[in-house]
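One file, protein.pdb, carrying PDB, C-alpha atoms:
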ATOM      1  CA  MET A   1       4.308   8.010  22.293
ATOM      2  CA  LYS A   2       6.125  10.627  20.242
ATOM      3  CA  ASN A   3       9.084   8.294  19.747
ATOM      4  CA  ASN A   4       6.710   5.569  18.575
ATOM      5  CA  ASN A   5       5.195   7.920  15.986
ATOM      6  CA  VAL A   6       8.639   8.835  14.673
ATOM      7  CA  THR A   7       9.638   5.169  14.566
ATOM      8  CA  ASN A   8       6.426   4.245  12.749
ATOM      9  CA  PHE A   9       6.974   7.028  10.230
ATOM     10  CA  PHE A  10      10.529   6.003   9.367
ATOM     11  CA  SER A  11       9.487   2.363   9.299
ATOM     12  CA  TRP A  12       6.788   3.267   6.760
ATOM     13  CA  TYR A  13       9.166   5.585   4.886
ATOM     14  CA  TYR A  14      11.781   2.920   4.196
ATOM     15  CA  GLU A  15       9.411  -0.051   3.838
ATOM     16  CA  LYS A  16       5.853   0.454   2.673
ATOM     17  CA  GLY A  17       6.408   4.004   1.446
ATOM     18  CA  LEU A  18       9.420   2.948  -0.605
ATOM     19  CA  HIS A  19       7.455   0.018  -2.008
ATOM     20  CA  GLU A  20       4.614   2.368  -2.993
ATOM     21  CA  PHE A  21       7.078   4.709  -4.711
ATOM     22  CA  LEU A  22       8.611   1.846  -6.696
ATOM     23  CA  GLU A  23       5.130   0.616  -7.630
ATOM     24  CA  ILE A  24       4.105   4.065  -8.909
ATOM     25  CA  TRP A  25       7.354   4.361 -10.857
ATOM     26  CA  LYS A  26       6.784   0.948 -12.424
ATOM     27  CA  ASN A  27       3.180   1.888 -13.288
ATOM     28  CA  TYR A  28       4.263   5.010 -15.160
ATOM     29  CA  LEU A  29       7.033   3.195 -17.027
ATOM     30  CA  LYS A  30       4.558   0.527 -18.068
ATOM     31  CA  PHE A  31       1.963   3.169 -18.930
ATOM     32  CA  VAL A  32       4.306   5.147 -21.199
ATOM     33  CA  TRP A  33       5.472   2.004 -23.003
ATOM     34  CA  GLN A  34       1.944   0.734 -23.584
ATOM     35  CA  HIS A  35       0.339   4.134 -24.180
ATOM     36  CA  PHE A  36       2.655   4.780 -27.124
ATOM     37  CA  SER A  37       2.232   1.160 -28.319
ATOM     38  CA  ILE A  38       5.979   0.943 -28.845
ATOM     39  CA  THR A  39       6.117  -2.828 -29.340
ATOM     40  CA  GLU A  40       3.151  -2.907 -31.732
ATOM     41  CA  LEU A  41       4.336   0.062 -33.787
ATOM     42  CA  VAL A  42       7.840  -1.356 -34.207
ATOM     43  CA  LEU A  43       6.406  -4.671 -35.407
ATOM     44  CA  THR A  44       4.110  -2.892 -37.893
ATOM     45  CA  LEU A  45       6.516  -0.102 -38.817
ATOM     46  CA  PHE A  46       6.070  -0.493 -42.585
ATOM     47  CA  SER A  47       2.372  -1.313 -42.619
ATOM     48  CA  PRO A  48       0.077   1.043 -44.572
ATOM     49  CA  TRP A  49      -0.945   4.226 -42.812
ATOM     50  CA  LYS A  50      -4.053   3.648 -40.675
ATOM     51  CA  ARG A  51      -4.665   0.381 -42.564
ATOM     52  CA  ASP A  52      -5.665   2.539 -45.552
ATOM     53  CA  VAL A  53      -4.594   0.312 -48.422
ATOM     54  CA  GLY A  54      -5.894   0.319 -51.975
ATOM     55  CA  MET A  55      -7.542  -2.819 -53.362
ATOM     56  CA  LYS A  56      -7.972  -4.055 -56.928
ATOM     57  CA  THR A  57     -11.429  -3.043 -58.143
ATOM     58  CA  TRP A  58     -11.203  -3.893 -61.847
ATOM     59  CA  ARG A  59     -11.167  -7.019 -63.969
ATOM     60  CA  GLY A  60      -8.436  -8.138 -66.300
ATOM     61  CA  TRP A  61      -4.964  -6.729 -66.873
ATOM     62  CA  ASN A  62      -4.598  -2.966 -66.568
ATOM     63  CA  PRO A  63      -0.940  -1.931 -66.137
ATOM     64  CA  GLN A  64      -1.760   1.736 -65.563
ATOM     65  CA  LYS A  65      -4.202   1.089 -62.731
ATOM     66  CA  ALA A  66      -1.962  -1.614 -61.249
ATOM     67  CA  ALA A  67       1.011   0.772 -61.227
ATOM     68  CA  GLY A  68      -1.105   3.480 -59.601
ATOM     69  CA  LEU A  69      -2.294   1.024 -56.952
ATOM     70  CA  ILE A  70       1.282  -0.053 -56.181
ATOM     71  CA  ILE A  71       2.447   3.555 -55.935
ATOM     72  CA  ASN A  72      -0.432   4.465 -53.611
ATOM     73  CA  ASN A  73       0.272   1.508 -51.337
ATOM     74  CA  ILE A  74       4.005   2.237 -51.245
ATOM     75  CA  PHE A  75       3.278   5.873 -50.424
ATOM     76  CA  SER A  76       0.848   4.782 -47.685
ATOM     77  CA  ARG A  77       3.502   2.524 -46.163
ATOM     78  CA  PHE A  78       6.071   5.318 -46.381
ATOM     79  CA  ILE A  79       3.766   7.735 -44.560
ATOM     80  CA  GLY A  80       2.952   5.031 -42.023
ATOM     81  CA  SER A  81       6.618   4.365 -41.287
ATOM     82  CA  ILE A  82       7.310   8.079 -40.767
ATOM     83  CA  VAL A  83       4.370   8.573 -38.399
ATOM     84  CA  ARG A  84       5.064   5.379 -36.465
ATOM     85  CA  SER A  85       8.746   6.247 -36.156
ATOM     86  CA  GLY A  86       7.795   9.633 -34.722
ATOM     87  CA  VAL A  87       5.416   8.090 -32.199
ATOM     88  CA  VAL A  88       7.992   5.468 -31.185
ATOM     89  CA  ALA A  89      10.693   8.135 -30.813
ATOM     90  CA  ALA A  90       8.410  10.291 -28.669
ATOM     91  CA  GLY A  91       7.474   7.276 -26.561
ATOM     92  CA  LEU A  92      11.096   6.245 -26.044
ATOM     93  CA  ALA A  93      12.056   9.818 -25.131
ATOM     94  CA  LEU A  94       9.278  10.044 -22.545
ATOM     95  CA  PHE A  95      10.104   6.554 -21.266
ATOM     96  CA  SER A  96      13.730   7.601 -20.780
ATOM     97  CA  ALA A  97      12.624  10.778 -19.009
ATOM     98  CA  VAL A  98      10.378   8.838 -16.618
ATOM     99  CA  ALA A  99      13.134   6.296 -15.976
ATOM    100  CA  SER A 100      15.706   9.033 -15.298
ATOM    101  CA  ALA A 101      13.344  10.982 -13.053
ATOM    102  CA  GLY A 102      12.547   7.801 -11.145
ATOM    103  CA  ILE A 103      16.234   7.064 -10.559
ATOM    104  CA  VAL A 104      16.841  10.587  -9.257
ATOM    105  CA  LEU A 105      13.783  10.479  -6.990
ATOM    106  CA  LEU A 106      14.779   7.038  -5.740
ATOM    107  CA  PHE A 107      18.159   8.348  -4.601
ATOM    108  CA  VAL A 108      16.472  11.375  -3.032
ATOM    109  CA  TRP A 109      14.033   9.089  -1.232
ATOM    110  CA  LEU A 110      16.754   6.812   0.113
ATOM    111  CA  LEU A 111      19.267   9.498   1.030
ATOM    112  CA  PHE A 112      16.977  12.364   1.989
ATOM    113  CA  PRO A 113      17.789  12.385   5.737
ATOM    114  CA  PHE A 114      21.514  12.474   4.963
ATOM    115  CA  ILE A 115      21.074  15.058   2.200
ATOM    116  CA  PHE A 116      19.120  17.225   4.620
ATOM    117  CA  LEU A 117      21.849  17.074   7.249
ATOM    118  CA  PHE A 118      24.534  17.808   4.661
ATOM    119  CA  PHE A 119      22.771  20.853   3.243
ATOM    120  CA  LEU A 120      21.858  22.022   6.729
ATOM    121  CA  TYR A 121      25.556  22.027   7.531
ATOM    122  CA  LYS A 122      26.344  23.904   4.315
ATOM    123  CA  ALA A 123      23.472  26.328   4.883
ATOM    124  CA  VAL A 124      25.336  27.850   7.796
ATOM    125  CA  PHE A 125      27.574  29.489   5.206
ATOM    126  CA  GLY A 126      24.818  30.791   2.938
ATOM    127  CA  ILE A 127      21.385  32.205   3.731
ATOM    128  CA  PHE A 128      20.170  31.744   0.145
ATOM    129  CA  VAL A 129      21.095  28.079   0.176
ATOM    130  CA  PHE A 130      19.262  27.713   3.447
ATOM    131  CA  ALA A 131      16.146  29.446   2.068
ATOM    132  CA  ALA A 132      16.137  27.235  -1.019
ATOM    133  CA  LEU A 133      16.624  24.159   1.132
ATOM    134  CA  LEU A 134      13.811  25.217   3.437
ATOM    135  CA  GLY A 135      11.410  25.622   0.516
ATOM    136  CA  PHE A 136      12.329  22.264  -0.963
ATOM    137  CA  LEU A 137      12.108  20.626   2.448
ATOM    138  CA  ALA A 138       8.648  22.046   3.109
ATOM    139  CA  PHE A 139       7.369  20.856  -0.276
ATOM    140  CA  TYR A 140       8.920  17.410   0.051
ATOM    141  CA  LEU A 141       7.736  16.886   3.619
ATOM    142  CA  ALA A 142       4.210  17.993   2.709
ATOM    143  CA  ILE A 143       4.042  15.309   0.018
ATOM    144  CA  ILE A 144       5.519  12.662   2.312
ATOM    145  CA  VAL A 145       3.207  13.501   5.226
ATOM    146  CA  ILE A 146       0.130  13.421   2.983
ATOM    147  CA  ALA A 147       1.234  10.100   1.506
ATOM    148  CA  TYR A 148       1.905   8.729   4.990
ATOM    149  CA  TYR A 149      -1.518   9.814   6.227
ATOM    150  CA  LEU A 150      -3.359   8.369   3.234
ATOM    151  CA  ASP A 151      -1.426   5.112   3.339
ATOM    152  CA  THR A 152      -1.738   4.447   7.071
ATOM    153  CA  ARG A 153      -5.308   5.539   7.766
ATOM    154  CA  ILE A 154      -7.677   2.865   8.991
ATOM    155  CA  PRO A 155     -10.002   1.580   6.241
ATOM    156  CA  TYR A 156     -13.675   2.303   6.787
ATOM    157  CA  SER A 157     -14.443  -1.416   6.673
ATOM    158  CA  GLU A 158     -12.275  -2.004   9.774
ATOM    159  CA  MET A 159     -13.834   0.784  11.856
ATOM    160  CA  SER A 160     -16.448   0.222  14.514
ATOM    161  CA  PHE A 161     -19.834   1.894  14.111
ATOM    162  CA  SER A 162     -18.902   4.377  16.833
ATOM    163  CA  ARG A 163     -15.650   5.316  15.100
ATOM    164  CA  LEU A 164     -17.343   5.418  11.712
ATOM    165  CA  SER A 165     -19.925   7.896  13.000
ATOM    166  CA  GLN A 166     -17.132  10.487  13.274
ATOM    167  CA  GLU A 167     -16.206  10.214   9.604
ATOM    168  CA  LYS A 168     -17.604  12.144   6.668
ATOM    169  CA  VAL A 169     -18.963   8.977   5.063
ATOM    170  CA  PHE A 170     -21.437   8.633   7.929
ATOM    171  CA  GLU A 171     -23.433  11.512   6.430
ATOM    172  CA  ARG A 172     -24.231   9.273   3.458
ATOM    173  CA  ILE A 173     -25.286   6.474   5.800
ATOM    174  CA  CYS A 174     -27.556   8.843   7.718
ATOM    175  CA  ASN A 175     -29.164   9.957   4.463
ATOM    176  CA  ARG A 176     -30.000   6.320   3.776
ATOM    177  CA  LEU A 177     -31.731   6.218   7.155
ATOM    178  CA  GLY A 178     -33.743   9.341   6.362
ATOM    179  CA  THR A 179     -31.863  11.625   8.736
ATOM    180  CA  THR A 180     -28.679  13.685   8.932
ATOM    181  CA  LYS A 181     -25.420  13.246  10.763
ATOM    182  CA  ARG A 182     -26.182  16.230  12.981
ATOM    183  CA  ALA A 183     -29.605  14.872  13.935
ATOM    184  CA  PHE A 184     -28.339  11.340  14.529
ATOM    185  CA  PRO A 185     -28.476  10.444  18.262
ATOM    186  CA  LYS A 186     -25.020  10.449  19.836
ATOM    187  CA  ASN A 187     -25.608   7.545  22.227
ATOM    188  CA  VAL A 188     -26.979   5.048  19.692
ATOM    189  CA  PHE A 189     -23.732   3.077  19.548
ATOM    190  CA  LYS A 190     -23.385   2.945  23.323
ATOM    191  CA  ASN A 191     -24.459  -0.700  23.303
ATOM    192  CA  SER A 192     -26.193  -3.177  21.020
ATOM    193  CA  GLU A 193     -29.550  -2.785  22.764
ATOM    194  CA  THR A 194     -29.618   0.950  22.104
ATOM    195  CA  LEU A 195     -28.672   0.432  18.468
ATOM    196  CA  ASN A 196     -31.298  -2.273  17.940
ATOM    197  CA  GLU A 197     -33.949  -0.075  19.545
ATOM    198  CA  TYR A 198     -33.079   2.827  17.242
ATOM    199  CA  LEU A 199     -33.087   0.615  14.152
ATOM    200  CA  LYS A 200     -36.405  -0.886  15.179
ATOM    201  CA  GLY A 201     -37.895   2.590  15.021
ATOM    202  CA  LYS A 202     -36.639   2.788  11.433
ATOM    203  CA  ASN A 203     -38.098  -0.654  10.584
ATOM    204  CA  LEU A 204     -34.585  -2.010  10.108
ATOM    205  CA  THR A 205     -32.567  -4.854  11.559
ATOM    206  CA  LEU A 206     -28.890  -4.876  12.442
ATOM    207  CA  ASP A 207     -28.193  -6.890   9.277
ATOM    208  CA  ASP A 208     -30.011  -4.274   7.193
ATOM    209  CA  PHE A 209     -27.942  -1.518   8.775
ATOM    210  CA  SER A 210     -24.713  -3.453   8.208
ATOM    211  CA  ARG A 211     -25.567  -3.885   4.527
ATOM    212  CA  ILE A 212     -26.297  -0.157   4.199
ATOM    213  CA  VAL A 213     -22.954   0.666   5.808
ATOM    214  CA  SER A 214     -21.092  -1.805   3.585
ATOM    215  CA  TRP A 215     -22.765  -0.435   0.460
ATOM    216  CA  GLU A 216     -21.951   3.202   1.224
ATOM    217  CA  ILE A 217     -18.402   2.370   2.281
ATOM    218  CA  GLY A 218     -17.927   0.463  -0.965
ATOM    219  CA  LEU A 219     -19.098   3.453  -3.018
ATOM    220  CA  VAL A 220     -16.755   5.834  -1.201
ATOM    221  CA  GLU A 221     -13.787   3.476  -1.496
ATOM    222  CA  GLU A 222     -14.510   3.001  -5.202
ATOM    223  CA  HIS A 223     -14.591   6.778  -5.672
ATOM    224  CA  ARG A 224     -11.278   7.104  -3.842
ATOM    225  CA  ALA A 225      -9.734   4.389  -5.982
ATOM    226  CA  ARG A 226     -10.757   6.213  -9.167
ATOM    227  CA  LYS A 227      -9.147   9.434  -7.923
ATOM    228  CA  ALA A 228      -5.815   7.648  -7.399
ATOM    229  CA  PHE A 229      -4.660   8.394 -10.954
ATOM    230  CA  TRP A 230      -1.218   6.869 -10.341
ATOM    231  CA  ARG A 231      -2.684   3.389  -9.845
ATOM    232  CA  TRP A 232      -2.297   1.023 -12.770
ATOM    233  CA  GLU A 233      -6.012   0.220 -12.947
ATOM    234  CA  ASN A 234      -6.645   3.925 -13.681
ATOM    235  CA  LEU A 235      -3.681   4.475 -15.986
ATOM    236  CA  GLU A 236      -4.600   1.522 -18.174
ATOM    237  CA  LYS A 237      -8.015   3.032 -18.945
ATOM    238  CA  ASN A 238      -6.408   5.578 -21.260
ATOM    239  CA  ALA A 239      -6.627   4.768 -24.954
ATOM    240  CA  ARG A 240      -3.296   3.783 -26.468
ATOM    241  CA  ILE A 241      -1.736   5.526 -29.427
ATOM    242  CA  GLY A 242      -1.626   3.756 -32.751
ATOM    243  CA  THR A 243      -2.797   0.288 -31.758
ATOM    244  CA  GLN A 244      -5.605   0.488 -34.319
ATOM    245  CA  TRP A 245      -2.992   0.684 -37.094
ATOM    246  CA  LYS A 246      -1.933  -2.937 -36.668
ATOM    247  CA  TYR A 247      -5.222  -4.652 -37.520
ATOM    248  CA  ALA A 248      -6.458  -5.931 -40.864
ATOM    249  CA  TYR A 249      -7.443  -3.527 -43.617
ATOM    250  CA  THR A 250     -11.106  -2.830 -42.857
ATOM    251  CA  VAL A 251     -11.453   0.716 -44.112
ATOM    252  CA  ARG A 252     -15.157   0.518 -44.956
ATOM    253  CA  LEU A 253     -16.027  -1.395 -41.792
ATOM    254  CA  ASP A 254     -14.247   1.214 -39.669
ATOM    255  CA  ARG A 255     -16.367   3.903 -41.265
ATOM    256  CA  TYR A 256     -19.587   2.457 -39.871
ATOM    257  CA  SER A 257     -18.445   1.070 -36.527
ATOM    258  CA  ALA A 258     -16.917   1.999 -33.188
ATOM    259  CA  ASP A 259     -14.084  -0.072 -31.722
ATOM    260  CA  LEU A 260     -14.890  -0.806 -28.069
ATOM    261  CA  SER A 261     -11.594  -2.620 -27.619
ATOM    262  CA  MET A 262      -9.848   0.713 -28.241
ATOM    263  CA  TYR A 263     -12.102   3.205 -26.470
ATOM    264  CA  ASP A 264     -15.516   3.073 -24.851
ATOM    265  CA  ALA A 265     -17.348   6.397 -24.787
ATOM    266  CA  THR A 266     -20.608   4.914 -23.485
ATOM    267  CA  GLU A 267     -21.996   4.812 -19.966
ATOM    268  CA  TYR A 268     -20.713   1.234 -19.653
ATOM    269  CA  ARG A 269     -17.063   2.288 -19.599
ATOM    270  CA  ASP A 270     -16.650   2.176 -15.809
ATOM    271  CA  LYS A 271     -19.442  -0.260 -14.989
ATOM    272  CA  ASP A 272     -18.530  -3.550 -13.358
ATOM    273  CA  LEU A 273     -20.099  -6.864 -14.288
ATOM    274  CA  ASN A 274     -21.801  -8.332 -11.227
ATOM    275  CA  GLY A 275     -23.331 -11.781 -11.009
ATOM    276  CA  ARG A 276     -22.529 -12.722 -14.613
ATOM    277  CA  ALA A 277     -19.112 -14.341 -14.262
ATOM    278  CA  GLU A 278     -20.385 -17.680 -15.600
ATOM    279  CA  GLU A 279     -21.954 -16.030 -18.646
ATOM    280  CA  LEU A 280     -18.726 -14.140 -19.371
ATOM    281  CA  GLU A 281     -16.696 -17.336 -19.079
ATOM    282  CA  LEU A 282     -19.117 -19.143 -21.403
ATOM    283  CA  LEU A 283     -18.886 -16.298 -23.920
ATOM    284  CA  ASN A 284     -15.086 -16.543 -23.810
ATOM    285  CA  LEU A 285     -15.198 -20.291 -24.454
ATOM    286  CA  ILE A 286     -17.603 -19.952 -27.390
ATOM    287  CA  LEU A 287     -15.582 -17.223 -29.095
ATOM    288  CA  GLN A 288     -12.368 -19.241 -28.749
ATOM    289  CA  ARG A 289     -13.720 -22.326 -30.503
ATOM    290  CA  PRO A 290     -12.120 -23.119 -33.903
ATOM    291  CA  ASP A 291     -15.556 -23.289 -35.534
ATOM    292  CA  GLN A 292     -19.134 -22.441 -34.588
ATOM    293  CA  ASN A 293     -17.680 -19.558 -32.613
ATOM    294  CA  CYS A 294     -20.600 -17.166 -32.966
ATOM    295  CA  ALA A 295     -22.582 -16.088 -29.922
ATOM    296  CA  ILE A 296     -25.943 -14.363 -29.533
ATOM    297  CA  VAL A 297     -26.612 -12.770 -26.149
ATOM    298  CA  VAL A 298     -30.334 -12.777 -25.389
ATOM    299  CA  GLY A 299     -32.340 -11.817 -22.333
ATOM    300  CA  GLY A 300     -34.821  -9.383 -20.916
ATOM    301  CA  SER A 301     -34.259  -5.676 -20.564
ATOM    302  CA  GLY A 302     -31.775  -4.723 -17.854
ATOM    303  CA  VAL A 303     -30.309  -8.180 -17.203
ATOM    304  CA  GLY A 304     -26.806  -7.147 -18.280
ATOM    305  CA  LYS A 305     -26.472  -8.010 -21.980
ATOM    306  CA  SER A 306     -24.707  -4.780 -22.917
ATOM    307  CA  THR A 307     -22.624  -4.798 -19.744
ATOM    308  CA  LEU A 308     -21.445  -8.313 -20.608
ATOM    309  CA  ILE A 309     -20.169  -7.248 -24.033
ATOM    310  CA  HIS A 310     -18.627  -4.026 -22.765
ATOM    311  CA  SER A 311     -16.911  -5.937 -19.947
ATOM    312  CA  LEU A 312     -15.260  -8.258 -22.458
ATOM    313  CA  ALA A 313     -14.179  -5.235 -24.509
ATOM    314  CA  LYS A 314     -12.791  -3.621 -21.358
ATOM    315  CA  LYS A 315     -10.711  -6.712 -20.627
ATOM    316  CA  ILE A 316      -9.275  -6.585 -24.145
ATOM    317  CA  ARG A 317      -8.680  -2.840 -23.881
ATOM    318  CA  THR A 318      -6.842  -3.110 -20.562
ATOM    319  CA  GLY A 319      -4.858  -6.222 -21.467
ATOM    320  CA  LYS A 320      -6.633  -8.466 -18.941
ATOM    321  CA  ALA A 321      -8.344 -10.736 -21.443
ATOM    322  CA  GLU A 322      -7.090 -14.212 -22.246
ATOM    323  CA  ARG A 323      -4.253 -14.630 -24.716
ATOM    324  CA  TYR A 324      -6.651 -15.585 -27.522
ATOM    325  CA  PHE A 325      -8.216 -12.112 -27.475
ATOM    326  CA  LYS A 326      -4.940 -10.259 -27.945
ATOM    327  CA  ASN A 327      -5.176  -8.128 -31.102
ATOM    328  CA  LYS A 328      -8.904  -8.918 -31.380
ATOM    329  CA  ARG A 329     -11.500  -6.187 -31.758
ATOM    330  CA  ILE A 330     -15.087  -5.730 -30.634
ATOM    331  CA  LEU A 331     -16.952  -3.431 -33.012
ATOM    332  CA  VAL A 332     -20.336  -1.795 -32.534
ATOM    333  CA  MET A 333     -22.110  -1.117 -35.807
ATOM    334  CA  ASP A 334     -23.484   2.380 -36.307
ATOM    335  CA  MET A 335     -25.058   2.745 -39.745
ATOM    336  CA  GLY A 336     -26.026   6.339 -38.986
ATOM    337  CA  ARG A 337     -22.430   7.565 -39.055
TER
END

I need this file expressed as structure tokens, please.
Amino acid sequence: MKNNNVTNFFSWYYEKGLHEFLEIWKNYLKFVWQHFSITELVLTLFSPWKRDVGMKTWRGWNPQKAAGLIINNIFSRFIGSIVRSGVVAAGLALFSAVASAGIVLLFVWLLFPFIFLFFLYKAVFGIFVFAALLGFLAFYLAIIVIAYYLDTRIPYSEMSFSRLSQEKVFERICNRLGTTKRAFPKNVFKNSETLNEYLKGKNLTLDDFSRIVSWEIGLVEEHRARKAFWRWENLEKNARIGTQWKYAYTVRLDRYSADLSMYDATEYRDKDLNGRAEELELLNLILQRPDQNCAIVVGGSGVGKSTLIHSLAKKIRTGKAERYFKNKRILVMDMGR
């Protein structure tokens, strides 16, 4: 049994564990590149700073005002190029650091058993080297063991009711039943008759109980997924630097609106759109038409109108929207600003 555990660990270490490491490395490289908007800032390097460009506001020929306007716009572009160059340089530096760190860690991951044996041999000749190696080994193994445990644990959805009753999530399920985990009878899952009899006393059926379990498991798994900050779906939620500089010059509009395609500070930020896939698809089709591409979302209170709009903005913000919506914005007017 012990040999099987060791074999399973090394099998995970050089297969699934290595794949997870490469996936995390790729996520952070992609995150740094997109977070600093390197591609967009290079393409708009000499655009006016924050789209703040002067416009002609007078009639007729006025050389003095025209010269002042040209100077202001040139100065704005100069400032914009300096700031964008700084952001791009910082992004490239961090990207290089992440790439270099990933290469080093990749070699450590692949060669760690051999490195350990080599330093263990050298440690015979130096107690300080051995102490340093021991500290590094303890730290590294702690991370690997935790990762191995988290990656190989059985999902709640694949556990039997009896096995699930031993987990922490079962406390939430018991609360749904109006009891606690400690007060829950131990022999309920002995057989189906016992379980049905217990549920009957709660005015529930087995299907009702299964739905309760699925709902609570889904909430816990969703919470776990949000805590995994290294996953791409969590990294991409962060607002990117400088992407708002590449749009058209809407200085006055920006003053009285909030750009949901850049950042969503409302309660809809992490909400998922359920049961409205057809409406979202229809909204996409209408907005992509060459003409008559205006849409009005109507419906009763609480049917998902706001969630529909915020979901489309989230797709644009995270790069999951269709190609047509690239570089498009969704603005919420706020005349009280």

For the file shown, what are the residues hit by the PyMOL selection byres ((chain A and resi 296) around 12), laid out as a ChimeraX atom specification?
/A:279,282-283,286-287,292-295,297-299,305-306,308-309

field: Selection result for the PyMOL selection byres ((chain A and resi 237) around 10) on this file, as a ChimeraX atom specification
entry: /A:31,35,232-236,238-240,262-264,269-270,314,317-318

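Between atom CA of Leu164 of chain A and atom CA of Lys186 of chain A the interatomic distance comes to 12.3 Å.
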
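For the set A:Phe161, A:Phe114, A:Tyr156, A:Phe95, the residue with the smallest atom-to-atom gap to Phe189 of chain A is A:Phe161, counting only C-alpha atoms.
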
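Excluding Leu105 of chain A itself and same-chain residues fewer than 4 positions from it, the residues having an atom within 12 Å of it are Leu18, Phe21, Leu22, Ile24, Trp25, Val98, Ala99, Ser100, Ala101, Trp109, Leu110, Leu111, Phe112 and Tyr140 of chain A, counting only C-alpha atoms.
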
Those residues you just picked out, can you put them in a file as a PDB file, in the coordinates of the input with C-alpha atoms?
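The new file part-v7.pdb reads:
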ATOM      1  CA  LEU A  18       9.420   2.948  -0.605  1.00  0.00           C
ATOM      2  CA  PHE A  21       7.078   4.709  -4.711  1.00  0.00           C
ATOM      3  CA  LEU A  22       8.611   1.846  -6.696  1.00  0.00           C
ATOM      4  CA  ILE A  24       4.105   4.065  -8.909  1.00  0.00           C
ATOM      5  CA  TRP A  25       7.354   4.361 -10.857  1.00  0.00           C
ATOM      6  CA  VAL A  98      10.378   8.838 -16.618  1.00  0.00           C
ATOM      7  CA  ALA A  99      13.134   6.296 -15.976  1.00  0.00           C
ATOM      8  CA  SER A 100      15.706   9.033 -15.298  1.00  0.00           C
ATOM      9  CA  ALA A 101      13.344  10.982 -13.053  1.00  0.00           C
ATOM     10  CA  TRP A 109      14.033   9.089  -1.232  1.00  0.00           C
ATOM     11  CA  LEU A 110      16.754   6.812   0.113  1.00  0.00           C
ATOM     12  CA  LEU A 111      19.267   9.498   1.030  1.00  0.00           C
ATOM     13  CA  PHE A 112      16.977  12.364   1.989  1.00  0.00           C
ATOM     14  CA  TYR A 140       8.920  17.410   0.051  1.00  0.00           C
TER      15      TYR A 140
END

Contacts of Arg276 of chain A at 9 Å or less, counting all atoms listed in the file, minus same-chain residues fewer than 4 places along, as a PDB file with C-alpha atoms, in the frame of the given file?
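Written out: around-v4.pdb:
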ATOM      1  CA  LEU A 280     -18.726 -14.140 -19.371  1.00  0.00           C
ATOM      2  CA  GLU A 281     -16.696 -17.336 -19.079  1.00  0.00           C
ATOM      3  CA  GLY A 304     -26.806  -7.147 -18.280  1.00  0.00           C
ATOM      4  CA  LEU A 308     -21.445  -8.313 -20.608  1.00  0.00           C
TER       5      LEU A 308
END

Fewer than 3 positions away in the same chain doesn't count, so skip those; otherwise give me all residues within 7 Å of segment 68-79 of chain A, counting only C-alpha atoms, as a PDB file with C-alpha atoms, in the coordinates of the input.
ATOM      1  CA  PHE A  46       6.070  -0.493 -42.585  1.00  0.00           C
ATOM      2  CA  SER A  47       2.372  -1.313 -42.619  1.00  0.00           C
ATOM      3  CA  PRO A  48       0.077   1.043 -44.572  1.00  0.00           C
ATOM      4  CA  TRP A  49      -0.945   4.226 -42.812  1.00  0.00           C
ATOM      5  CA  VAL A  53      -4.594   0.312 -48.422  1.00  0.00           C
ATOM      6  CA  GLY A  54      -5.894   0.319 -51.975  1.00  0.00           C
ATOM      7  CA  GLN A  64      -1.760   1.736 -65.563  1.00  0.00           C
ATOM      8  CA  LYS A  65      -4.202   1.089 -62.731  1.00  0.00           C
ATOM      9  CA  ILE A  82       7.310   8.079 -40.767  1.00  0.00           C
ATOM     10  CA  VAL A  83       4.370   8.573 -38.399  1.00  0.00           C
TER      11      VAL A  83
END

note - atom CA of Trp33 of chain A and atom CA of His310 of chain A are separated by 24.8 Å

key: Expected selection from the PyMOL selection byres ((chain A and resi 215-219) around 12), given as JSON, numbers by chain   = {"A": [155, 156, 157, 158, 159, 161, 164, 167, 168, 169, 170, 171, 172, 173, 174, 175, 176, 177, 208, 209, 210, 211, 212, 213, 214, 220, 221, 222, 223, 224, 225, 226]}

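Going from atom CA of Ser162 of chain A to atom CA of Lys190 of chain A covers 8.0 Å.
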
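Each of A:Lys271, A:Arg252, A:Arg289, A:Arg182 was checked against Met333 of chain A using all atoms listed in the file; the smallest atom-to-atom distance is that of A:Arg252.
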
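Among A:Ser257, A:Thr180, A:Thr7, A:Thr250, the residue with the shortest atom-to-atom distance to Asp334 of chain A, counting all atoms listed in the file, is A:Ser257.
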
Min atom-atom distance to Phe325 of chain A from the set A:Ser261, A:Asn203, A:Ser301, A:Ser192, counting only C-alpha atoms, belongs to A:Ser261

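For the residues A:Phe9, A:Val332, A:Ala147, A:Gly242, ranking by smallest atom-to-atom distance to Tyr256 of chain A using only C-alpha atoms places A:Val332 first.
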
How big is the axis-aligned box around all listed atoms of segment 205-215 of chain A once 6 Å goes on each side, and where's its centre, in Å to one decimal, as AutoDock Vina command-line options?
--center_x -26.8 --center_y -3.1 --center_z 6.5 --size_x 23.5 --size_y 19.6 --size_z 24.0
